Each structure stands twice: as C-alpha cells, then as structure tokens.
Amino acid sequence: MSNAQQREKNVVSDEVMIELKGMNKWYGDFHVLKNINMKVYKGERIIICGPSGCGKSTMIRCMNRLEEHQQGDIIVNGVELTDDLKGIDIVRRNIGMVFQQFNLFPHLTVMENCCLAPIWVQKKPKKEAEAMASMFLDRVQIGSQADKFPGQLSGGQQQRVAIARSLCMNPSIMLFDEPTSALDPEMIKEVLDVMVDLANEGMTMICVTHEMGFAKTVADRVIFMDAGEIVEENNPEDFFSNPQSERTQTFLSQIL
Amino acid sequence: MAIITHTPSLDRLPPVEKAGVVGWMRTNLFSSWLSSIFTLAALWFLFNTVPPAMRWLFFDASWIGTTRDACTTDGACWVFISVRMEQFLFGFYPETEFWRVIAAFVLAIVLVAWLLIERTPQKAKVALFTVFVYPVIAYVLFYGGALGLEVVETHKWGGLMLTLILAAVGMCCALPFGVILALGRRSSMPVAKSLSVIFIEFWRGVPLITVLFMSSVMLPIFMPEELSFDKLLRAMIGIIFFQSAYMAEVIRGGLQAIPRGQYEAAEALGLSYWKSMFLIILPQAMKLVIPGIVNTFIALFKDTTLVLIIGLFDLLAVVQSAFSDPNWLGFSVEGYVFVAFVYWVSCFSMSRYSMYLERKLHTGH
C-alpha cells in the first residue's frame with residue numbers, strides 16, 4: 001500500500017479548524033474527559049482509538065456540542081462553543097457528523113433525507129438541492145436507491161446515505177463516530193471505501209474507529225485515549241510499529 | 001470426495017388437511033374437543049339471536065308512513081325516526097334556514113375529502129383554505145348575522161348538527177393544542193414546562209361533566225353580566241381544554257418513543273428546535289400514536305353527548321326529548337338503536353381511516 005504517496009497528496013495547512021484547550025467534562029461526578037488539549041488542522045485526518053468507555057465518542061460529540069463540556073475551551077472554525085445557543089446552529093452547519101447507528105430519518109426517502117437540511121437550513125431551491133444530493137448519492141454509489149426509504153436499505157447502504165446526507169451541507173469538517181461498528185463484516189468495506197475517497201479529496205476528518213487497517217491507510221495522526229485522557233498521539237507508522245506507552249502497547253496487542 | 005446429485009423436486013400442493021376451507025375449519029373451529037364445543041355453542045347462540053334481530057330490524061319493520069297508525073307490524077317502527085328526522089338532524093334550527101347547515105357540511109365534506117384522498121391537486125392551498133377561511137364561512141352560515149343571513153341563536157342548534165360541530169371543533173383545536181402542550185411538557189425551559197404540566201394535570205384531573213357544569217352554571221355567577229358569553233362557546237372551550245390535555249399525553253408518549261439519535265442527527269445538521277420538531281420528530285411521533293389519537297377522537301365524539309346536562313340538545317338529547325311526545329309514546333328502543341347506529345358508523349369510520357393511514361405511512365420494511 002502506498003501510504004506515503006497518499007500522504008504526500010494531502011496538504012495539511014497551518015489553519016486550525018478545531019482547538020480544544022484544557023477541556024474537562026463530567027457526567028454527574030464521573031470525570032469523563034480530563035484536560036484534553038488538541039488541535040485539528042485543515043485537511044488533516046485524525047483517527048481516535050481506545051478501549052470502549054474511554055471518552056472518545058464523547059470527545060468528538062463535544063466538538064459539535066451534542067454534549068456540553070464544563071471546563072476549558074472548544075473553538076471550532078474560530079467560534080468558541082459556549083452556552084449561547086444562537087451560534088451553535090451555524091457552527092453545526094459546517095460540521096458533518098456520521099453516527100454509529102446511521103440515524104437516517106425513517107419517514108423520509110433517501111433523497112428527502114439528503115435535501116432536508118440544504119432546503120430548510122441553507123434555503124436552497126429544491127431543484128438545486130436535489131441536483132446536489134444526486135451528485136453526492138452517486139459518489140457514494142447509491143444514486144439508484146434515491147427514492148427508497150432507509151428501512152429498505154442494508155446497513156452499509158444506510159451508512160453511505162448518512163455520509164452523503166452530511167456532505168450535502170458542504171461541511172468543512174467531518175466527524176465519524178464509529179461509523180462501521182454497527183455493520184455486518186461484509187458491509188464494512190463499502191463504507192470504508194467511501195471514507196477513503198473522501199480522505200483522498202482532502203476533507204478534514206476526525207474518526208473514532210476500531211478499524212486499524214483504515215487508520216494505517218488514511219490517518220495523518222492517531223490519537224489513543226484511555227480513561228478520559230489522551231495517552232499517546234503519533235503518526236500511524238510509529239504509532240503501530242513503535243508504541244511508546246504501556247497502555248497503548250497493551251491495547252494494540254489485544255486488537256491486532 | 002463428496003458427490004452431490006440433485007434433481008429439482010416437483011412443486012406439490014399443501015396437504016388438504018392444512019389448506020382450504022376444511023383446513024381452516026380444522027385449525028380454527030374444531031382443533032380440539034373444547035374448541036368444538038365452543039364453536040357449536042357460538043353457532044347455537046347466533047342462530048337464536050341473529051334471525052329475530054334481523055326480523056325486528058328489517059323484515060317485520062314498518063318503513064313507510066307519517067303517523068303512528070303506520071306501525072302495524074311486530075317489528076321496529078322506523079316511521080318514528082323518519083317523521084322526526086329533521087329535528088334529529090337540525091334540532092330547533094328554523095326550517096327555512098336548513099340549507100345553510102347543509103351547505104356548510106357539504107363544503108366541509110368536499111374539503112376534507114380533497115385533503116384525505118390521494119392524487120388530488122393543490123393540496124397545500126386547499127389545506128390553507130380549510131384552516132383559515134372555512135371556519136369563517138362555517139361560522140357565518142351557522143350563526144348568520146352577516147351577508148344578509150338571519151341570526152340563528154346557538155340555543156336553537158341541536159341534533160346531529162350540534163354533535164358534529166362540537167366534535168369537529170373539538171378535534172381540530174385539541175390536536176394542535178395537544179402538540180404544543182406535549183412539546184411544552186418536554187421542554188427544557190422551566191416556565192414552559194411547568195405551565196404545561198399544571199395545565200395538563202388540572203384538566204386531566206377533573207371529570208368532563210364537572211368542566212361542563214362549571215362552564216354553564218358557575219362561570220356566569222363569578223363573571224360580570226356584560227362579560228358573559230355564549231353557553232355553547234363556553235362548553236366548546238371546556239371540551240377543547242379537557243381533550244387537549246389527554247391529547248398532549250398521547251403525543252408525549254410518541255415523542256418519548258423517538259430514539260435520541262433522531263434528535264441528535266437533526267441537531268447535527270444545524271436544524272433549529274422548531275424545524276427539527278416539525279420536520280423530523282413530530283411526523284414520526286404522530287405516526288406512532290395514530291391509534292392513541294384516534295382513540296381520543298372517538299372518546300371526544302362520544303363525550304359530546306354530555307352537553308345534554310347543561311341543556312344543549314345534541315343528537316341523543318333531541319331523540320330522548322322526542323320520546324315524551326304523546327303521539328309517539330313507546331318508541332324509545334327505535335330511538336336508541338338509531339342513535340347507537342349513527343355513533344357507531346361515525347366511530348367505526350374514524351377507526352377504519354386510521355388503519356388505512358397507518359398502512360399508508362408505514363415506511364419500515
């Protein structure tokens with residue numbers, strides 16, 4: 001695999017898209033995220049891994065404020081996420097999010113799922129929104145299913161529709177929260193292929209996943225979390241071949 | 001080395017004891033001794049009740065005539081109903097103005113059919129007309145006082161007309177009120193939430209009879225003379241508040257059944273609270289609780305008979321008042337059967353329409 005080649009194509013600029021500064025989060029008394037500091041640069045592909053319950057999903061859900069943090073700063077595209085709810089919708093329009101459980105809207109067709117936000121949030125004319133949706137649906141190779149309902153599609157197809165739905169908002173950042181964990185093994189590849197394509201186009205991506213093969217292929221940086229902390233952060237070659245901390249070594253020995 | 005040979009099997013019919021009429025009867029009617037006994041007992045019961053009922057209702061009944069003398073047979077005397085039909089339908093509404101009521105109902109039926117039947121054009125415009133213009137037209141037609149129409153006071157309204165007006169207004173107002181109350185009760189804003197909870201718990205905790213009684217007897221005592229308004233309007237508001245509290249709880253059940261992920265997906269796309277509610281959450285929640293909504297509608301439709309305790313003559317009250325007509329004593333069974341039939345047809349069609357709607361909106365596979 002020509003990892004090196006692919007990485008060369010990817011231009012990571014100095015522009016910071018997301019910054020977390022001394023961020024802490026609690027669920028009641030339980031300290032889920034402890035003093036998180038990280039920067040995501042434009043065009044960067046970051047993989048977050050770690051044992052379940054370590055706070056990795058919670059962390060990326062904080063980035064579009066599906067979860068609220070209690071301490072520290074989160075700055076997305078130059079906007080600080082605070083209790084002021086007016087700004088949050090605008091921040092969210094620029095962040096696409098793909099969920100483990102797809103979360104397509106079951107009462108709407110695939111096409112309507114994709115057009116809903118462009119029409120109602122971005123106020124695009126219906127024709128234009130539909131043209132763009134078909135373009136993205138074709139790109140995730142599901143254009144022929146546009147008139148079906150999500151319930152009529154397989155898990156892998158639904159997840160590809162969910163990716164297309166996010167792309168229709170033309171986001172500058174995509175968050176993936178374990179996008180392949182709910183899929184049957186034979187469907188994982190079709191979703192990962194779409195994500196690799198997206199990565200190769202230079203999309204800024206933050207992906208929580210257990211797919212280490214995918215991490216090796218596309219990641220610029222791998223972040224390993226345990227017990228609410230960032231334990232290790234490295235480029236994929238060094239992360240997998242030469243893990244520094246003992247916890248990372250134990251984790252990798254269990255999953256590889 | 002494995003060798004596999006396979007000749008395709010010919011299609012066979014299912015065994016006769018499991019299929020067809022005989023198979024059906026064996027599995028459903030005579031599967032055991034006990035079930036055979038129940039089947040025979042049921043047949044005996046039907047044989048003894050259905051034919052006499054049919055004779056009384058149809059074959060031996062008197063249909064034609066204008067006076068009591070027409071009732072010569074052993075069966076029911078439907079002449080009583082047909083002679084009194086105008087009163088049963090319109091109450092004490094002046095005869096010369098019947099056309100206004102008929103026009104309002106025909107227009108309502110056309111509009112509702114337009115909206116309910118698929119493949120009719122311009123649905124959005126018709127819906128707007130129905131919601132905003134039709135109520136004004138209906139009010140002018142029923143009450144008058146404009147366009148040269150004579151005023152017909154509400155105490156003259158009655159019969160099926162009054163029942164349908166109460167039920168239709170109740171349903172059309174209770175549903176949106178219920179939606180707002182349900183959203184309020186689940187809101188994170190403390191004021192909206194507590195107001196909704198207080199409203200719902202208050203109206204749900206009071207019997208409808210009390211509500212109607214208070215509205216007609218107590219309210220005028222506490223309110224100054226010049227502020228008092230129409231009795232029918234007061235009853236209507238009471239019914240709407242009462243039923244919207246129930247409706248709110250039905251809809252809240254639907255809202256709670258929508259997975260958290262749907263809310264999150266809507267939020268993540270940047271939809272505002274109201275847009276995500278009206279585009280994503282409510283369409284799914286309402287679909288889930290169609291049976292509950294129709295249940296409340298049917299209850300509301302039947303509860304309108306309670307207005308008779310405050311002196312409004314709905315269908316049941318008008319029919320009952322006809323029993324005391326000295327020319328027609330002794331025909332109460334016919335009257336009650338007629339009322340029951342009208343209520344049953346109305347409620348059953350609501351129930352069938354809701355089943356059709358559930359099938360139509362089903363998108364999961």
# chains A, B, ... in the order shown; residues from 1 in each chain; ligands from 1
>>> interface_residues(of="chain A", to="chain B", cutoff="6 Å", atoms="only C-alpha atoms", output="PyMOL selection string")
chain A and resi 89+92-93+103+151-152
>>> write_last_selection(atoms="N, CA, C and O atoms", output="PDB file, in the first residue's frame")
ATOM      1  N   ASP A  89     -26.086  26.593  15.826  1.00  0.00           N
ATOM      2  CA  ASP A  89     -26.620  26.071  14.572  1.00  0.00           C
ATOM      3  C   ASP A  89     -25.697  26.398  13.402  1.00  0.00           C
ATOM      4  O   ASP A  89     -25.526  25.597  12.487  1.00  0.00           O
ATOM      5  N   ARG A  92     -22.714  24.140  13.546  1.00  0.00           N
ATOM      6  CA  ARG A  92     -23.051  22.767  13.173  1.00  0.00           C
ATOM      7  C   ARG A  92     -23.212  22.606  11.663  1.00  0.00           C
ATOM      8  O   ARG A  92     -22.978  21.526  11.123  1.00  0.00           O
ATOM      9  N   ARG A  93     -23.649  23.650  10.976  1.00  0.00           N
ATOM     10  CA  ARG A  93     -23.806  23.547   9.520  1.00  0.00           C
ATOM     11  C   ARG A  93     -22.488  23.232   8.836  1.00  0.00           C
ATOM     12  O   ARG A  93     -22.468  22.699   7.748  1.00  0.00           O
ATOM     13  N   ASN A 103     -28.754   6.894  12.033  1.00  0.00           N
ATOM     14  CA  ASN A 103     -29.710   7.961  12.350  1.00  0.00           C
ATOM     15  C   ASN A 103     -30.286   8.649  11.118  1.00  0.00           C
ATOM     16  O   ASN A 103     -30.464   9.856  11.098  1.00  0.00           O
ATOM     17  N   GLY A 151     -35.449   2.223   5.626  1.00  0.00           N
ATOM     18  CA  GLY A 151     -35.744   0.876   6.096  1.00  0.00           C
ATOM     19  C   GLY A 151     -35.601  -0.196   5.027  1.00  0.00           C
ATOM     20  O   GLY A 151     -35.573  -1.379   5.335  1.00  0.00           O
ATOM     21  N   GLN A 152     -35.566   0.225   3.752  1.00  0.00           N
ATOM     22  CA  GLN A 152     -35.450  -0.761   2.668  1.00  0.00           C
ATOM     23  C   GLN A 152     -33.995  -1.028   2.290  1.00  0.00           C
ATOM     24  O   GLN A 152     -33.730  -1.805   1.394  1.00  0.00           O
TER      25      GLN A 152
END
>>> select_by_dssp(residues="range 27-233 of chain A", states="alpha helix (DSSP H)", output="PyMOL selection string")
chain A and resi 56-63+85-93+110-120+126-139+155-167+185-200+212-218
>>> write_last_selection(atoms="C-alpha atoms", output="CSV table (one decimal), in the first residue's frame")
chain,number,residue,atom,x,y,z
A,56,LYS,CA,-13.5,9.1,22.6
A,57,SER,CA,-17.1,9.4,21.3
A,58,THR,CA,-17.9,11.9,24.0
A,59,MET,CA,-14.9,14.0,22.9
A,60,ILE,CA,-16.0,14.2,19.2
A,61,ARG,CA,-19.6,14.8,20.3
A,62,CYS,CA,-18.4,17.8,22.3
A,63,MET,CA,-16.9,19.2,19.0
A,85,LEU,CA,-27.3,28.6,21.5
A,86,LYS,CA,-27.8,31.0,18.7
A,87,GLY,CA,-24.3,30.5,17.3
A,88,ILE,CA,-24.4,26.7,17.6
A,89,ASP,CA,-26.6,26.1,14.6
A,90,ILE,CA,-24.2,28.0,12.4
A,91,VAL,CA,-21.2,26.0,13.7
A,92,ARG,CA,-23.1,22.8,13.2
A,93,ARG,CA,-23.8,23.5,9.5
A,110,VAL,CA,-33.1,8.7,0.8
A,111,MET,CA,-33.4,11.8,-1.5
A,112,GLU,CA,-35.5,13.7,1.1
A,113,ASN,CA,-33.0,12.8,3.8
A,114,CYS,CA,-30.3,14.4,1.8
A,115,CYS,CA,-32.3,17.5,0.7
A,116,LEU,CA,-33.9,18.4,4.0
A,117,ALA,CA,-31.1,20.4,5.6
A,118,PRO,CA,-30.0,22.2,2.4
A,119,ILE,CA,-33.6,23.3,1.8
A,120,TRP,CA,-34.6,24.2,5.3
A,126,LYS,CA,-35.5,22.4,-4.2
A,127,LYS,CA,-34.1,21.7,-7.7
A,128,GLU,CA,-30.6,22.8,-6.8
A,129,ALA,CA,-30.7,20.7,-3.5
A,130,GLU,CA,-31.8,17.7,-5.4
A,131,ALA,CA,-29.2,18.0,-8.1
A,132,MET,CA,-26.5,18.3,-5.4
A,133,ALA,CA,-28.0,15.3,-3.5
A,134,SER,CA,-27.9,13.1,-6.6
A,135,MET,CA,-24.3,14.1,-7.1
A,136,PHE,CA,-23.3,13.0,-3.6
A,137,LEU,CA,-25.5,9.9,-3.7
A,138,ASP,CA,-23.8,8.9,-7.0
A,139,ARG,CA,-20.5,9.5,-5.3
A,155,GLY,CA,-26.8,-1.2,7.0
A,156,GLY,CA,-23.9,-0.4,4.7
A,157,GLN,CA,-26.1,1.4,2.2
A,158,GLN,CA,-27.8,3.4,5.1
A,159,GLN,CA,-24.4,4.5,6.4
A,160,ARG,CA,-23.3,5.6,2.9
A,161,VAL,CA,-26.6,7.6,2.6
A,162,ALA,CA,-25.8,9.1,6.0
A,163,ILE,CA,-22.4,10.2,4.7
A,164,ALA,CA,-24.0,11.7,1.6
A,165,ARG,CA,-26.5,13.5,3.8
A,166,SER,CA,-23.7,15.2,5.7
A,167,LEU,CA,-21.8,16.1,2.6
A,185,PRO,CA,-18.5,-7.6,8.4
A,186,GLU,CA,-19.2,-7.8,4.6
A,187,MET,CA,-20.6,-4.2,4.6
A,188,ILE,CA,-17.7,-2.5,6.4
A,189,LYS,CA,-15.6,-2.3,3.3
A,190,GLU,CA,-18.1,-0.4,1.2
A,191,VAL,CA,-18.3,2.3,3.9
A,192,LEU,CA,-14.6,2.4,4.4
A,193,ASP,CA,-14.1,2.8,0.7
A,194,VAL,CA,-16.3,5.9,0.6
A,195,MET,CA,-14.4,7.3,3.6
A,196,VAL,CA,-11.0,6.7,1.9
A,197,ASP,CA,-12.3,8.5,-1.2
A,198,LEU,CA,-13.3,11.4,1.0
A,199,ALA,CA,-10.0,11.4,2.8
A,200,ASN,CA,-8.2,11.5,-0.5
A,212,MET,CA,-6.9,-0.2,12.3
A,213,GLY,CA,-6.4,-1.1,8.7
A,214,PHE,CA,-8.3,2.1,7.8
A,215,ALA,CA,-6.2,4.1,10.3
A,216,LYS,CA,-3.0,2.9,8.7
A,217,THR,CA,-4.3,3.8,5.2
A,218,VAL,CA,-5.6,7.3,5.7
>>> atom_distance(atom1="CA of Ile293 in chain B", atom2="CA of Thr210 in chain B")
23.3 Å
>>> residues_around(residues="range 341-346 of chain B", least_positions_apart="6", cutoff="10 Å", atoms="only C-alpha atoms", output="list in words")
Leu160, Leu164, Ile298, Phe301, Lys302, Leu315, Leu316 and Gly335 of chain B
>>> residues_around(residues="range 213-225 of chain B", least_positions_apart="4", cutoff="12 Å", atoms="only C-alpha atoms", output="compact mmCIF listing (two decimals) with all heavy atoms, in the first residue's frame")
# COMPACT_ATOMS: atom_id res chain seq x y z
N VAL B 206 -59.97 16.57 36.30
CA VAL B 206 -61.36 16.98 36.52
C VAL B 206 -62.26 16.21 35.56
O VAL B 206 -61.93 16.08 34.40
CB VAL B 206 -61.49 18.50 36.25
CG1 VAL B 206 -62.89 18.97 36.56
CG2 VAL B 206 -60.48 19.27 37.06
N PRO B 207 -63.40 15.68 36.04
CA PRO B 207 -64.31 15.00 35.10
C PRO B 207 -64.93 15.99 34.12
O PRO B 207 -65.16 17.16 34.48
CB PRO B 207 -65.40 14.41 36.00
CG PRO B 207 -64.94 14.60 37.39
CD PRO B 207 -63.90 15.65 37.41
N LEU B 208 -65.20 15.52 32.90
CA LEU B 208 -65.75 16.41 31.86
C LEU B 208 -67.09 17.00 32.30
O LEU B 208 -67.38 18.16 32.02
CB LEU B 208 -65.89 15.66 30.54
CG LEU B 208 -66.37 16.48 29.35
CD1 LEU B 208 -65.49 17.70 29.12
CD2 LEU B 208 -66.41 15.65 28.09
N ILE B 209 -67.87 16.19 33.01
CA ILE B 209 -69.18 16.70 33.47
C ILE B 209 -68.98 17.93 34.35
O ILE B 209 -69.67 18.93 34.22
CB ILE B 209 -69.95 15.60 34.24
CG1 ILE B 209 -70.42 14.54 33.25
CG2 ILE B 209 -71.12 16.20 34.99
CD1 ILE B 209 -71.50 13.63 33.77
N PHE B 229 -70.43 35.15 27.98
CA PHE B 229 -70.59 34.86 26.56
C PHE B 229 -71.35 33.55 26.38
O PHE B 229 -71.72 32.88 27.34
CB PHE B 229 -69.25 34.86 25.84
CG PHE B 229 -68.19 34.02 26.49
CD1 PHE B 229 -67.91 32.76 26.03
CD2 PHE B 229 -67.44 34.54 27.55
CE1 PHE B 229 -66.93 31.99 26.62
CE2 PHE B 229 -66.46 33.77 28.15
CZ PHE B 229 -66.20 32.50 27.68
N ASP B 230 -71.56 33.25 25.14
CA ASP B 230 -72.46 32.17 24.74
C ASP B 230 -72.21 30.84 25.46
O ASP B 230 -71.08 30.41 25.64
CB ASP B 230 -72.27 31.97 23.24
CG ASP B 230 -73.33 31.10 22.67
OD1 ASP B 230 -74.42 31.61 22.43
OD2 ASP B 230 -73.06 29.89 22.51
N LYS B 231 -73.30 30.16 25.82
CA LYS B 231 -73.18 28.90 26.55
C LYS B 231 -72.49 27.82 25.72
O LYS B 231 -71.63 27.09 26.22
CB LYS B 231 -74.58 28.44 26.97
CG LYS B 231 -74.56 27.14 27.75
CD LYS B 231 -75.78 26.99 28.61
CE LYS B 231 -76.95 26.52 27.79
NZ LYS B 231 -78.11 26.16 28.63
N LEU B 232 -72.86 27.75 24.44
CA LEU B 232 -72.25 26.74 23.57
C LEU B 232 -70.75 26.97 23.45
O LEU B 232 -69.95 26.04 23.51
CB LEU B 232 -72.90 26.80 22.18
CG LEU B 232 -72.30 25.84 21.15
CD1 LEU B 232 -72.53 24.41 21.56
CD2 LEU B 232 -72.90 26.08 19.77
N LEU B 233 -70.36 28.25 23.33
CA LEU B 233 -68.94 28.57 23.21
C LEU B 233 -68.20 28.15 24.47
O LEU B 233 -67.10 27.58 24.40
CB LEU B 233 -68.77 30.07 22.96
CG LEU B 233 -67.36 30.54 22.65
CD1 LEU B 233 -66.84 29.86 21.41
CD2 LEU B 233 -67.32 32.05 22.49
N ARG B 234 -68.84 28.40 25.64
CA ARG B 234 -68.20 28.01 26.90
C ARG B 234 -68.01 26.50 26.96
O ARG B 234 -66.95 26.00 27.34
CB ARG B 234 -69.04 28.49 28.08
CG ARG B 234 -68.74 29.91 28.46
CD ARG B 234 -69.63 30.35 29.60
NE ARG B 234 -70.96 30.69 29.12
CZ ARG B 234 -72.06 30.67 29.86
NH1 ARG B 234 -71.98 30.31 31.12
NH2 ARG B 234 -73.22 31.01 29.36
N ALA B 235 -69.05 25.76 26.57
CA ALA B 235 -68.95 24.30 26.58
C ALA B 235 -67.85 23.84 25.63
O ALA B 235 -67.07 22.93 25.93
CB ALA B 235 -70.28 23.69 26.18
N MET B 236 -67.78 24.49 24.47
CA MET B 236 -66.79 24.12 23.47
C MET B 236 -65.38 24.31 24.00
O MET B 236 -64.52 23.44 23.84
CB MET B 236 -67.01 25.03 22.25
CG MET B 236 -66.99 24.30 20.95
SD MET B 236 -67.46 25.50 19.71
CE MET B 236 -68.66 24.57 18.83
N ILE B 237 -65.15 25.45 24.64
CA ILE B 237 -63.82 25.71 25.20
C ILE B 237 -63.49 24.68 26.27
O ILE B 237 -62.37 24.16 26.33
CB ILE B 237 -63.74 27.15 25.75
CG1 ILE B 237 -63.84 28.14 24.59
CG2 ILE B 237 -62.46 27.38 26.53
CD1 ILE B 237 -63.98 29.58 25.01
N GLY B 238 -64.49 24.34 27.09
CA GLY B 238 -64.26 23.32 28.11
C GLY B 238 -63.85 22.00 27.49
O GLY B 238 -62.88 21.37 27.91
N ILE B 239 -64.58 21.59 26.44
CA ILE B 239 -64.26 20.32 25.77
C ILE B 239 -62.86 20.37 25.17
O ILE B 239 -62.08 19.43 25.29
CB ILE B 239 -65.31 20.00 24.68
CG1 ILE B 239 -66.65 19.66 25.34
CG2 ILE B 239 -64.86 18.86 23.79
CD1 ILE B 239 -67.77 19.41 24.36
N PHE B 241 -60.20 22.24 26.04
CA PHE B 241 -59.15 22.18 27.06
C PHE B 241 -59.03 20.78 27.62
O PHE B 241 -57.94 20.24 27.79
CB PHE B 241 -59.46 23.17 28.19
CG PHE B 241 -59.14 24.60 27.83
CD1 PHE B 241 -59.37 25.63 28.72
CD2 PHE B 241 -58.59 24.91 26.59
CE1 PHE B 241 -59.07 26.95 28.39
CE2 PHE B 241 -58.30 26.21 26.25
CZ PHE B 241 -58.54 27.24 27.15
N LEU B 306 -72.46 14.55 26.60
CA LEU B 306 -72.58 15.08 27.97
C LEU B 306 -73.11 16.50 28.00
O LEU B 306 -73.56 16.96 29.05
CB LEU B 306 -71.22 15.03 28.66
CG LEU B 306 -70.70 13.62 29.00
CD1 LEU B 306 -69.31 13.71 29.59
CD2 LEU B 306 -71.64 12.95 29.98
N VAL B 307 -73.09 17.21 26.86
CA VAL B 307 -73.59 18.59 26.89
C VAL B 307 -75.09 18.62 27.21
O VAL B 307 -75.62 19.68 27.50
CB VAL B 307 -73.31 19.35 25.57
CG1 VAL B 307 -71.83 19.49 25.34
CG2 VAL B 307 -74.01 18.70 24.40
N LEU B 308 -75.74 17.47 27.17
CA LEU B 308 -77.17 17.49 27.49
C LEU B 308 -77.40 17.89 28.94
O LEU B 308 -78.45 18.43 29.27
CB LEU B 308 -77.84 16.15 27.13
CG LEU B 308 -77.65 14.91 27.99
CD1 LEU B 308 -78.73 14.81 29.05
CD2 LEU B 308 -77.72 13.68 27.10
N ILE B 309 -76.41 17.67 29.82
CA ILE B 309 -76.63 18.06 31.22
C ILE B 309 -76.61 19.57 31.41
O ILE B 309 -77.02 20.07 32.44
CB ILE B 309 -75.62 17.41 32.20
CG1 ILE B 309 -74.22 17.93 31.92
CG2 ILE B 309 -75.69 15.91 32.21
CD1 ILE B 309 -73.45 18.10 33.19
N ILE B 310 -76.08 20.31 30.44
CA ILE B 310 -76.15 21.76 30.58
C ILE B 310 -77.20 22.33 29.64
O ILE B 310 -77.19 23.52 29.32
CB ILE B 310 -74.78 22.44 30.35
CG1 ILE B 310 -74.22 22.08 28.97
CG2 ILE B 310 -73.80 22.05 31.43
CD1 ILE B 310 -73.05 22.95 28.56
N GLY B 311 -78.08 21.48 29.17
CA GLY B 311 -79.23 21.97 28.43
C GLY B 311 -78.99 22.22 26.95
O GLY B 311 -79.76 22.93 26.31
N LEU B 312 -77.92 21.64 26.42
CA LEU B 312 -77.75 21.72 24.96
C LEU B 312 -78.30 20.42 24.39
O LEU B 312 -78.07 19.34 24.93
CB LEU B 312 -76.27 21.86 24.60
CG LEU B 312 -75.61 23.18 25.02
CD1 LEU B 312 -74.11 23.12 24.75
CD2 LEU B 312 -76.23 24.34 24.27
>>> residues_around(residues="Leu256 in chain A", least_positions_apart="4", cutoff="12 Å", atoms="only C-alpha atoms", output="list in words")
His210, Glu211, Met212, Gly213, Phe240, Ser241, Thr248, Gln249, Thr250, Phe251 and Leu252 of chain A
>>> write_last_selection(atoms="N, CA, C and O atoms", output="short mmCIF file (atom, residue, chain, number, x, y, z; two decimals), in the first residue's frame")
data_model
loop_
_atom_site.label_atom_id
_atom_site.label_comp_id
_atom_site.auth_asym_id
_atom_site.auth_seq_id
_atom_site.Cartn_x
_atom_site.Cartn_y
_atom_site.Cartn_z
N HIS A 210 -12.42 1.46 15.29
CA HIS A 210 -11.57 0.33 15.68
C HIS A 210 -10.93 -0.30 14.44
O HIS A 210 -10.28 -1.33 14.55
N GLU A 211 -11.17 0.29 13.27
CA GLU A 211 -10.63 -0.27 12.03
C GLU A 211 -9.18 0.18 11.87
O GLU A 211 -8.90 1.25 11.32
N MET A 212 -8.25 -0.65 12.35
CA MET A 212 -6.86 -0.22 12.34
C MET A 212 -6.27 -0.19 10.94
O MET A 212 -5.38 0.59 10.64
N GLY A 213 -6.81 -1.06 10.06
CA GLY A 213 -6.35 -1.05 8.67
C GLY A 213 -6.66 0.30 8.04
O GLY A 213 -5.81 0.90 7.36
N PHE A 240 1.82 2.41 15.28
CA PHE A 240 1.58 0.96 15.24
C PHE A 240 2.85 0.16 15.42
O PHE A 240 2.85 -0.90 16.02
N SER A 241 4.00 0.66 14.88
CA SER A 241 5.21 -0.15 14.96
C SER A 241 5.98 0.09 16.26
O SER A 241 6.69 -0.78 16.73
N THR A 248 -0.86 1.82 25.54
CA THR A 248 -1.03 1.69 24.09
C THR A 248 -0.58 0.31 23.64
O THR A 248 -1.24 -0.34 22.82
N GLN A 249 0.54 -0.13 24.17
CA GLN A 249 1.06 -1.45 23.77
C GLN A 249 0.05 -2.54 24.12
O GLN A 249 -0.23 -3.42 23.30
N THR A 250 -0.49 -2.47 25.32
CA THR A 250 -1.48 -3.49 25.73
C THR A 250 -2.68 -3.46 24.80
O THR A 250 -3.15 -4.49 24.32
N PHE A 251 -3.19 -2.24 24.51
CA PHE A 251 -4.37 -2.09 23.65
C PHE A 251 -4.10 -2.67 22.27
O PHE A 251 -4.89 -3.48 21.75
N LEU A 252 -2.95 -2.31 21.69
CA LEU A 252 -2.66 -2.77 20.33
C LEU A 252 -2.48 -4.28 20.31
O LEU A 252 -2.91 -4.95 19.38
#
>>> atom_distance(atom1="CA of Gln100 in chain A", atom2="CA of Ile75 in chain A")
24.5 Å
>>> residues_around(residues="Lys21 in chain A", least_positions_apart="4", cutoff="9 Å", atoms="only C-alpha atoms", output="PyMOL selection string")
chain A and resi 35-39+72-75
>>> residues_around(residues="Ala168 in chain B", least_positions_apart="3", cutoff="12 Å", atoms="only C-alpha atoms", output="PyMOL selection string")
chain B and resi 105+108-109+112+135+138+160-165+171-175+236+239-240+297-298+300-302+304+346
>>> atom_distance(atom1="CA of Phe348 in chain B", atom2="CA of Asn295 in chain B")
11.1 Å
>>> closest_residue(among="A:Pro106, A:Pro243, A:Pro171, A:Gly143", to="Gln122 in chain A", atoms="only C-alpha atoms")
A:Pro171
